[in-house]
file coords.cif (mmCIF, C-alpha atoms)
data_start
loop_
_atom_site.label_atom_id
_atom_site.label_comp_id
_atom_site.auth_asym_id
_atom_site.auth_seq_id
_atom_site.Cartn_x
_atom_site.Cartn_y
_atom_site.Cartn_z
CA MET A 1 1.75 -16.58 19.40
CA ASN A 2 4.67 -18.57 20.77
CA LEU A 3 7.58 -16.90 18.98
CA GLU A 4 10.11 -19.36 20.44
CA SER A 5 8.56 -22.15 18.39
CA LEU A 6 9.11 -20.33 15.06
CA SER A 7 12.15 -20.66 12.82
CA VAL A 8 13.57 -18.50 10.04
CA GLY A 9 12.75 -19.87 6.61
CA GLN A 10 9.57 -21.57 7.80
CA GLU A 11 6.59 -21.24 5.43
CA VAL A 12 3.68 -19.66 7.28
CA SER A 13 0.81 -19.38 4.87
CA SER A 14 -0.23 -18.95 1.25
CA ARG A 15 -3.32 -17.76 -0.57
CA GLU A 16 -4.53 -17.33 -4.12
CA PHE A 17 -6.28 -14.13 -5.18
CA SER A 18 -8.42 -13.72 -8.25
CA PHE A 19 -8.17 -10.22 -9.77
CA THR A 20 -11.07 -9.45 -12.09
CA ARG A 21 -12.01 -6.12 -13.65
CA ASP A 22 -14.72 -5.87 -10.97
CA ALA A 23 -12.06 -6.18 -8.29
CA LEU A 24 -10.11 -3.33 -9.90
CA VAL A 25 -13.16 -1.08 -10.03
CA LYS A 26 -13.94 -1.91 -6.40
CA TYR A 27 -10.38 -1.05 -5.38
CA ALA A 28 -10.49 2.19 -7.39
CA GLY A 29 -13.60 3.26 -5.50
CA ALA A 30 -12.30 2.18 -2.11
CA SER A 31 -8.91 3.84 -2.51
CA GLY A 32 -9.80 6.88 -4.61
CA ASP A 33 -7.25 5.95 -7.29
CA PHE A 34 -9.19 6.48 -10.51
CA ASN A 35 -6.29 6.34 -12.94
CA PRO A 36 -7.98 5.03 -16.15
CA ILE A 37 -5.11 2.59 -16.83
CA HIS A 38 -6.91 0.43 -14.25
CA TYR A 39 -10.23 0.19 -16.12
CA ARG A 40 -9.88 1.37 -19.76
CA ASP A 41 -7.94 -0.70 -22.29
CA ASP A 42 -7.90 2.06 -24.90
CA PHE A 43 -6.35 4.47 -22.41
CA ALA A 44 -3.86 1.89 -21.09
CA LYS A 45 -2.70 1.11 -24.65
CA SER A 46 -2.40 4.81 -25.51
CA VAL A 47 0.26 5.16 -22.79
CA GLY A 48 2.22 2.14 -23.99
CA LEU A 49 0.80 -0.61 -21.75
CA GLU A 50 -0.50 -4.00 -22.95
CA GLY A 51 -3.89 -3.28 -21.46
CA VAL A 52 -5.59 -2.69 -18.13
CA LEU A 53 -3.43 -3.55 -15.14
CA ALA A 54 -4.16 -3.94 -11.45
CA HIS A 55 -3.28 -1.10 -9.08
CA GLY A 56 0.11 -1.88 -7.56
CA MET A 57 -1.49 -0.94 -4.26
CA LEU A 58 -4.16 -3.61 -4.75
CA THR A 59 -1.45 -6.24 -5.17
CA MET A 60 0.36 -4.83 -2.14
CA GLY A 61 -2.83 -4.74 -0.07
CA ALA A 62 -3.83 -8.28 -0.99
CA ALA A 63 -0.34 -9.73 -0.47
CA CYS A 64 -0.08 -8.66 3.16
CA GLN A 65 -3.31 -10.51 3.96
CA VAL A 66 -1.17 -13.64 4.04
CA ALA A 67 0.83 -12.19 6.95
CA ILE A 68 -2.36 -10.93 8.62
CA ASP A 69 -4.15 -14.27 8.26
CA TRP A 70 -1.18 -15.96 9.88
CA ALA A 71 -0.79 -13.38 12.69
CA GLY A 72 -4.44 -13.53 13.71
CA GLU A 73 -5.91 -10.97 16.07
CA SER A 74 -2.94 -10.75 18.44
CA GLY A 75 -0.43 -9.34 15.94
CA GLN A 76 -0.33 -6.11 13.93
CA VAL A 77 1.67 -5.25 10.83
CA ILE A 78 3.81 -2.28 11.91
CA ASP A 79 6.11 -1.98 8.90
CA TYR A 80 5.30 -3.10 5.38
CA GLY A 81 7.20 -2.33 2.21
CA VAL A 82 7.29 -3.62 -1.36
CA ARG A 83 8.89 -2.85 -4.69
CA PHE A 84 6.63 -3.02 -7.74
CA THR A 85 8.61 -5.10 -10.24
CA LYS A 86 6.10 -6.26 -12.90
CA PRO A 87 2.57 -5.25 -13.86
CA VAL A 88 -0.40 -7.58 -13.23
CA TYR A 89 -2.48 -7.40 -16.41
CA VAL A 90 -6.17 -8.12 -15.95
CA PRO A 91 -8.08 -9.09 -19.11
CA ALA A 92 -11.68 -7.90 -19.53
CA ASP A 93 -13.24 -11.35 -19.59
CA GLU A 94 -11.09 -13.43 -17.27
CA SER A 95 -9.22 -13.05 -14.02
CA ALA A 96 -5.54 -12.78 -13.20
CA LYS A 97 -4.41 -15.23 -10.55
CA LEU A 98 -2.07 -13.89 -7.91
CA VAL A 99 -0.39 -16.50 -5.72
CA VAL A 100 1.09 -15.15 -2.51
CA SER A 101 3.12 -17.11 0.00
CA GLY A 102 4.90 -15.99 3.10
CA LYS A 103 7.83 -17.33 5.04
CA ILE A 104 9.58 -16.15 8.15
CA GLY A 105 12.48 -13.82 7.33
CA ALA A 106 13.52 -12.75 10.82
CA ILE A 107 12.47 -13.16 14.44
CA ASP A 108 13.15 -10.59 17.16
CA LEU A 109 12.26 -12.17 20.50
CA GLU A 110 13.12 -9.06 22.51
CA ASN A 111 10.78 -6.74 20.59
CA ARG A 112 8.31 -9.54 19.84
CA THR A 113 8.35 -8.93 16.09
CA VAL A 114 8.43 -11.37 13.20
CA ARG A 115 9.30 -10.37 9.64
CA ILE A 116 7.31 -12.18 6.98
CA ASP A 117 8.90 -12.24 3.52
CA LEU A 118 6.20 -12.44 0.89
CA SER A 119 6.37 -13.73 -2.64
CA ALA A 120 3.65 -12.64 -5.07
CA VAL A 121 3.54 -14.43 -8.40
CA CYS A 122 1.27 -13.98 -11.42
CA ASN A 123 1.75 -16.24 -14.49
CA ASP A 124 5.01 -17.56 -13.02
CA VAL A 125 6.44 -14.03 -12.77
CA ALA A 126 7.23 -12.31 -9.46
CA VAL A 127 5.30 -9.04 -9.41
CA LEU A 128 6.57 -7.71 -6.06
CA GLY A 129 10.17 -7.44 -4.93
CA LYS A 130 11.48 -7.17 -1.38
CA ALA A 131 7.96 -7.54 0.00
CA GLN A 132 8.42 -7.63 3.76
CA ALA A 133 5.84 -7.24 6.51
CA VAL A 134 6.94 -6.90 10.12
CA VAL A 135 4.32 -8.19 12.57
CA LYS A 136 4.41 -7.06 16.18
CA PHE A 137 2.89 -9.38 18.78
CA MET B 1 12.30 15.77 -16.07
CA VAL B 2 11.35 16.46 -12.46
CA ASN B 3 12.79 19.63 -10.99
CA PRO B 4 15.61 18.47 -8.67
CA ASN B 5 15.25 21.67 -6.62
CA VAL B 6 12.00 20.43 -5.04
CA ALA B 7 13.99 17.92 -2.95
CA GLY B 8 13.38 18.90 0.67
CA LYS B 9 10.23 20.85 -0.16
CA LYS B 10 7.45 20.48 2.40
CA TYR B 11 3.83 20.83 1.30
CA PRO B 12 1.05 22.37 3.40
CA GLU B 13 -0.85 20.12 5.79
CA THR B 14 -3.89 18.46 4.23
CA ASP B 15 -7.46 19.01 5.46
CA ILE B 16 -8.77 16.71 8.18
CA TYR B 17 -9.78 13.26 6.93
CA LEU B 18 -12.39 11.57 9.10
CA VAL B 19 -11.94 7.80 8.92
CA GLY B 20 -15.34 6.15 8.54
CA ARG B 21 -16.18 2.63 9.69
CA GLU B 22 -17.85 1.78 6.39
CA LYS B 23 -14.87 3.21 4.47
CA ILE B 24 -12.60 0.84 6.37
CA ARG B 25 -14.90 -2.09 5.60
CA GLU B 26 -15.09 -1.08 1.93
CA PHE B 27 -11.30 -0.80 1.70
CA ALA B 28 -10.81 -4.07 3.59
CA ASN B 29 -13.15 -5.89 1.20
CA ALA B 30 -11.35 -4.40 -1.79
CA VAL B 31 -7.98 -5.80 -0.59
CA PHE B 32 -9.54 -9.21 0.20
CA SER B 33 -9.19 -8.86 3.96
CA THR B 34 -11.10 -11.38 6.02
CA SER B 35 -9.67 -10.12 9.32
CA PRO B 36 -12.44 -9.58 11.91
CA LEU B 37 -10.49 -6.54 13.14
CA ASN B 38 -11.31 -4.75 9.86
CA HIS B 39 -14.99 -5.68 9.89
CA ASP B 40 -16.34 -6.48 13.33
CA VAL B 41 -16.53 -3.78 16.01
CA PHE B 42 -16.83 -6.31 18.84
CA ALA B 43 -13.76 -8.25 17.67
CA SER B 44 -11.78 -4.99 17.46
CA GLN B 45 -12.90 -3.94 20.92
CA ALA B 46 -11.96 -7.34 22.31
CA ALA B 47 -8.49 -6.76 20.85
CA GLY B 48 -8.27 -3.40 22.63
CA PHE B 49 -9.31 -0.93 19.91
CA SER B 50 -12.18 1.52 20.12
CA ASP B 51 -13.60 0.54 16.71
CA VAL B 52 -12.64 -1.39 13.56
CA ILE B 53 -9.05 -0.88 12.43
CA ALA B 54 -7.86 -0.24 8.89
CA PRO B 55 -5.69 -2.64 6.86
CA PRO B 56 -1.95 -1.75 6.80
CA THR B 57 -2.13 -0.18 3.32
CA PHE B 58 -5.12 2.08 4.10
CA PRO B 59 -2.83 5.11 4.71
CA VAL B 60 -2.44 5.24 0.92
CA VAL B 61 -5.83 6.99 0.90
CA ILE B 62 -4.30 9.83 2.92
CA GLN B 63 -1.04 9.73 0.96
CA GLU B 64 -3.01 10.11 -2.28
CA ARG B 65 -4.41 13.41 -1.00
CA SER B 66 -0.96 14.74 -0.15
CA LEU B 67 0.46 13.60 -3.45
CA SER B 68 -2.13 15.44 -5.48
CA ALA B 69 -0.67 18.71 -4.16
CA VAL B 70 2.74 17.76 -5.56
CA LEU B 71 1.39 16.47 -8.84
CA ASN B 72 -0.42 19.78 -9.31
CA ASP B 73 2.61 21.85 -8.32
CA PRO B 74 4.07 23.54 -11.42
CA GLU B 75 7.44 23.91 -9.66
CA ALA B 76 7.78 20.11 -9.29
CA ASP B 77 6.87 19.64 -12.99
CA ILE B 78 5.74 16.00 -12.72
CA ASP B 79 3.91 14.62 -15.76
CA PHE B 80 1.37 12.29 -14.12
CA SER B 81 0.73 10.37 -17.34
CA ARG B 82 4.37 9.21 -17.24
CA VAL B 83 4.35 8.16 -13.58
CA VAL B 84 4.86 4.54 -12.47
CA HIS B 85 4.74 3.46 -8.82
CA GLY B 86 8.23 2.21 -7.95
CA ASP B 87 7.99 1.24 -4.32
CA GLN B 88 5.92 1.84 -1.23
CA ARG B 89 6.33 1.42 2.50
CA PHE B 90 4.20 2.12 5.56
CA ILE B 91 5.76 2.42 8.99
CA SER B 92 2.98 2.47 11.56
CA VAL B 93 3.04 3.66 15.14
CA ARG B 94 -0.46 2.25 15.63
CA PRO B 95 -3.27 1.03 13.35
CA ILE B 96 -5.70 3.61 11.97
CA VAL B 97 -9.05 3.25 13.79
CA ALA B 98 -12.53 4.28 12.62
CA GLY B 99 -13.24 7.74 14.03
CA ASP B 100 -9.66 8.96 13.63
CA GLU B 101 -9.30 12.51 12.33
CA LEU B 102 -6.12 12.51 10.28
CA THR B 103 -4.00 15.17 8.67
CA SER B 104 -0.81 14.71 6.72
CA VAL B 105 2.33 16.57 5.79
CA LEU B 106 4.31 15.56 2.73
CA THR B 107 7.99 16.19 2.19
CA VAL B 108 9.90 15.47 -1.00
CA ALA B 109 12.71 13.30 0.38
CA SER B 110 14.76 13.03 -2.80
CA VAL B 111 14.80 13.50 -6.55
CA LYS B 112 17.21 11.28 -8.48
CA SER B 113 17.92 10.89 -12.17
CA LEU B 114 18.32 7.47 -13.68
CA GLY B 115 19.17 8.03 -17.33
CA ALA B 116 16.14 9.72 -18.89
CA HIS B 117 13.96 8.81 -15.91
CA SER B 118 13.49 10.57 -12.58
CA MET B 119 12.84 8.86 -9.27
CA VAL B 120 11.06 10.94 -6.67
CA THR B 121 10.66 9.77 -3.08
CA PHE B 122 7.97 11.28 -0.86
CA ASN B 123 7.52 10.96 2.88
CA THR B 124 3.97 11.51 4.10
CA GLU B 125 3.63 11.81 7.85
CA ILE B 126 0.10 11.16 9.09
CA PHE B 127 -1.02 12.64 12.39
CA ASP B 128 -4.11 12.15 14.55
CA ALA B 129 -6.21 14.81 16.30
CA ASN B 130 -3.74 14.85 19.23
CA ARG B 131 -0.93 15.65 16.76
CA ASP B 132 0.61 12.25 17.44
CA LEU B 133 2.27 10.48 14.53
CA VAL B 134 0.20 7.51 13.37
CA CYS B 135 2.06 6.41 10.26
CA THR B 136 4.79 7.42 7.86
CA ALA B 137 4.10 6.49 4.24
CA ILE B 138 7.13 6.43 1.95
CA SER B 139 6.51 6.29 -1.76
CA THR B 140 8.82 6.35 -4.75
CA LEU B 141 7.43 7.31 -8.12
CA VAL B 142 9.34 6.72 -11.32
CA VAL B 143 8.69 9.39 -13.93
CA ARG B 144 9.56 8.03 -17.36
CA GLY B 145 11.57 10.41 -19.51
CA GLU B 146 10.44 11.64 -22.93
CA GLU B 147 11.65 9.34 -25.71
#

call {"tool": "encode", "arguments": {"input": "coords.cif", "output": "structure tokens"}}
result
Amino acid sequence: MNLESLSVGQEVSSREFSFTRDALVKYAGASGDFNPIHYRDDFAKSVGLEGVLAHGMLTMGAACQVAIDWAGESGQVIDYGVRFTKPVYVPADESAKLVVSGKIGAIDLENRTVRIDLSAVCNDVAVLGKAQAVVKF
Amino acid sequence: MVNPNVAGKKYPETDIYLVGREKIREFANAVFSTSPLNHDVFASQAAGFSDVIAPPTFPVVIQERSLSAVLNDPEADIDFSRVVHGDQRFISVRPIVAGDELTSVLTVASVKSLGAHSMVTFNTEIFDANRDLVCTAISTLVVRGEE
């Protein structure tokens, strides 16, 4: 990656993710997070939620793929943080669409790192805040 | 209300977690990763790793194990049914690679009150078999107060 050719504010990549109930069950199994709010509507409602919602960590994990896709095989994410601002509700019979886009937030030529600022939006609402992934080349 | 006195408390090191290649692939598929480094051993080796590497959020699997000790600790008094994930960060020294044997040590970094709610921040340090730090996972849970 030629870091000199990049500029702060530049859009790098975007991707749309489709979260279905199947995707939530797959993530539960892969991560070991079996909190029933992620697969049982009756349970989710009993604790005051609208219904089943995606694991915040699924949203976080999917969102950084935008930075990874852009970085390719020569860069690694060395620092990645997000704030969970809004739930992503996933209905039983349809999918929730998560739209993630990334732009360059900072460039450090000396350390060969680039910070990608991610936006993750579901139904026109930002579901992650301060989502930043630092890629080291 | 979370016991503010647990701030600074360090929990015992977790048992060794052996990172499996298929576990990495399963996790990578679950987070929609198409990166060859998460799936293809030859691609990972060409990039200088001994085996497939895990996606950046994979350390949550290890963090989850550490956290369960806190959530089951009567002294901390955290009601898991009232817990919401507030924020999360992973600071990595190197990617996790299939074959790694990882242990972790969790410290309660802070306990803050925000009205009826409590915010608890945990630092989980993840070490490899050489006792070298691989990743620090920082997680803040919001524990909603009783109405």

call {"tool": "closest_residue", "arguments": {"input": "coords.cif", "among": "A:Ala131, A:Ile104, A:Val90, A:Leu3", "to": "chain B", "atoms": "all atoms listed in the file"}}
result
A:Ala131

call {"tool": "resolve_selection", "arguments": {"input": "coords.cif", "expression": "the PyMOL selection byres ((chain B) within 6 of (chain A))", "output": "MDAnalysis selection string"}}
result
chainID B and resid 26:27 30:32 57 61 86:92

call {"tool": "resolve_selection", "arguments": {"input": "coords.cif", "expression": "the PyMOL selection byres ((chain B and resi 39) around 12)", "output": "VMD selection string"}}
result
chain B and resid 20 to 29 32 to 38 40 to 45 51 to 55 97 to 98

call {"tool": "atom_distance", "arguments": {"input": "coords.cif", "atom1": "CA of Ser110 in chain B", "atom2": "CA of Gly8 in chain B"}}
result
7.0 Å

call {"tool": "resolve_selection", "arguments": {"input": "coords.cif", "expression": "the PyMOL selection byres ((chain B and resi 11-15) around 6)", "output": "PyMOL selection string"}}
result
chain B and resi 10+16+103-106

call {"tool": "write_last_selection", "arguments": {"input": "coords.cif", "atoms": "C-alpha atoms", "output": "short mmCIF file (atom, residue, chain, number, x, y, z; two decimals), in the coordinates of the input"}}
result
data_model
loop_
_atom_site.label_atom_id
_atom_site.label_comp_id
_atom_site.auth_asym_id
_atom_site.auth_seq_id
_atom_site.Cartn_x
_atom_site.Cartn_y
_atom_site.Cartn_z
CA LYS B 10 7.45 20.48 2.40
CA ILE B 16 -8.77 16.71 8.18
CA THR B 103 -4.00 15.17 8.67
CA SER B 104 -0.81 14.71 6.72
CA VAL B 105 2.33 16.57 5.79
CA LEU B 106 4.31 15.56 2.73
#

call {"tool": "atom_distance", "arguments": {"input": "coords.cif", "atom1": "CA of Leu133 in chain B", "atom2": "CA of Ile62 in chain B"}}
result
13.4 Å

call {"tool": "closest_residue", "arguments": {"input": "coords.cif", "among": "B:Ala116, B:Leu102, B:Val108, B:Ala46", "to": "Leu18 in chain B", "atoms": "only C-alpha atoms"}}
result
B:Leu102

call {"tool": "atom_distance", "arguments": {"input": "coords.cif", "atom1": "CA of Ile116 in chain A", "atom2": "CA of Lys103 in chain A"}}
result
5.5 Å

call {"tool": "closest_residue", "arguments": {"input": "coords.cif", "among": "A:Ala96, A:Leu118, A:Ala67, A:Met1", "to": "Pro56 in chain B", "atoms": "all atoms listed in the file"}}
result
A:Ala67

call {"tool": "residues_near_point", "arguments": {"input": "coords.cif", "point": "(4.9, 4.9, -10.4)", "cutoff": "7 Å", "atoms": "all atoms listed in the file", "output": "PyMOL selection string"}}
result
chain B and resi 83-86+141-143

call {"tool": "closest_residue", "arguments": {"input": "coords.cif", "among": "A:Thr113, A:Ser46, A:Ser101, A:Thr20", "to": "Glu4 in chain A", "atoms": "only C-alpha atoms"}}
result
A:Thr113

call {"tool": "closest_residue", "arguments": {"input": "coords.cif", "among": "A:Leu6, A:Gly48, A:Asn123, A:Ala71", "to": "Lys97 in chain A", "atoms": "only C-alpha atoms"}}
result
A:Asn123

call {"tool": "closest_residue", "arguments": {"input": "coords.cif", "among": "B:Pro74, B:Gln63, B:Ala109, B:Asn3", "to": "Thr121 in chain B", "atoms": "all atoms listed in the file"}}
result
B:Ala109
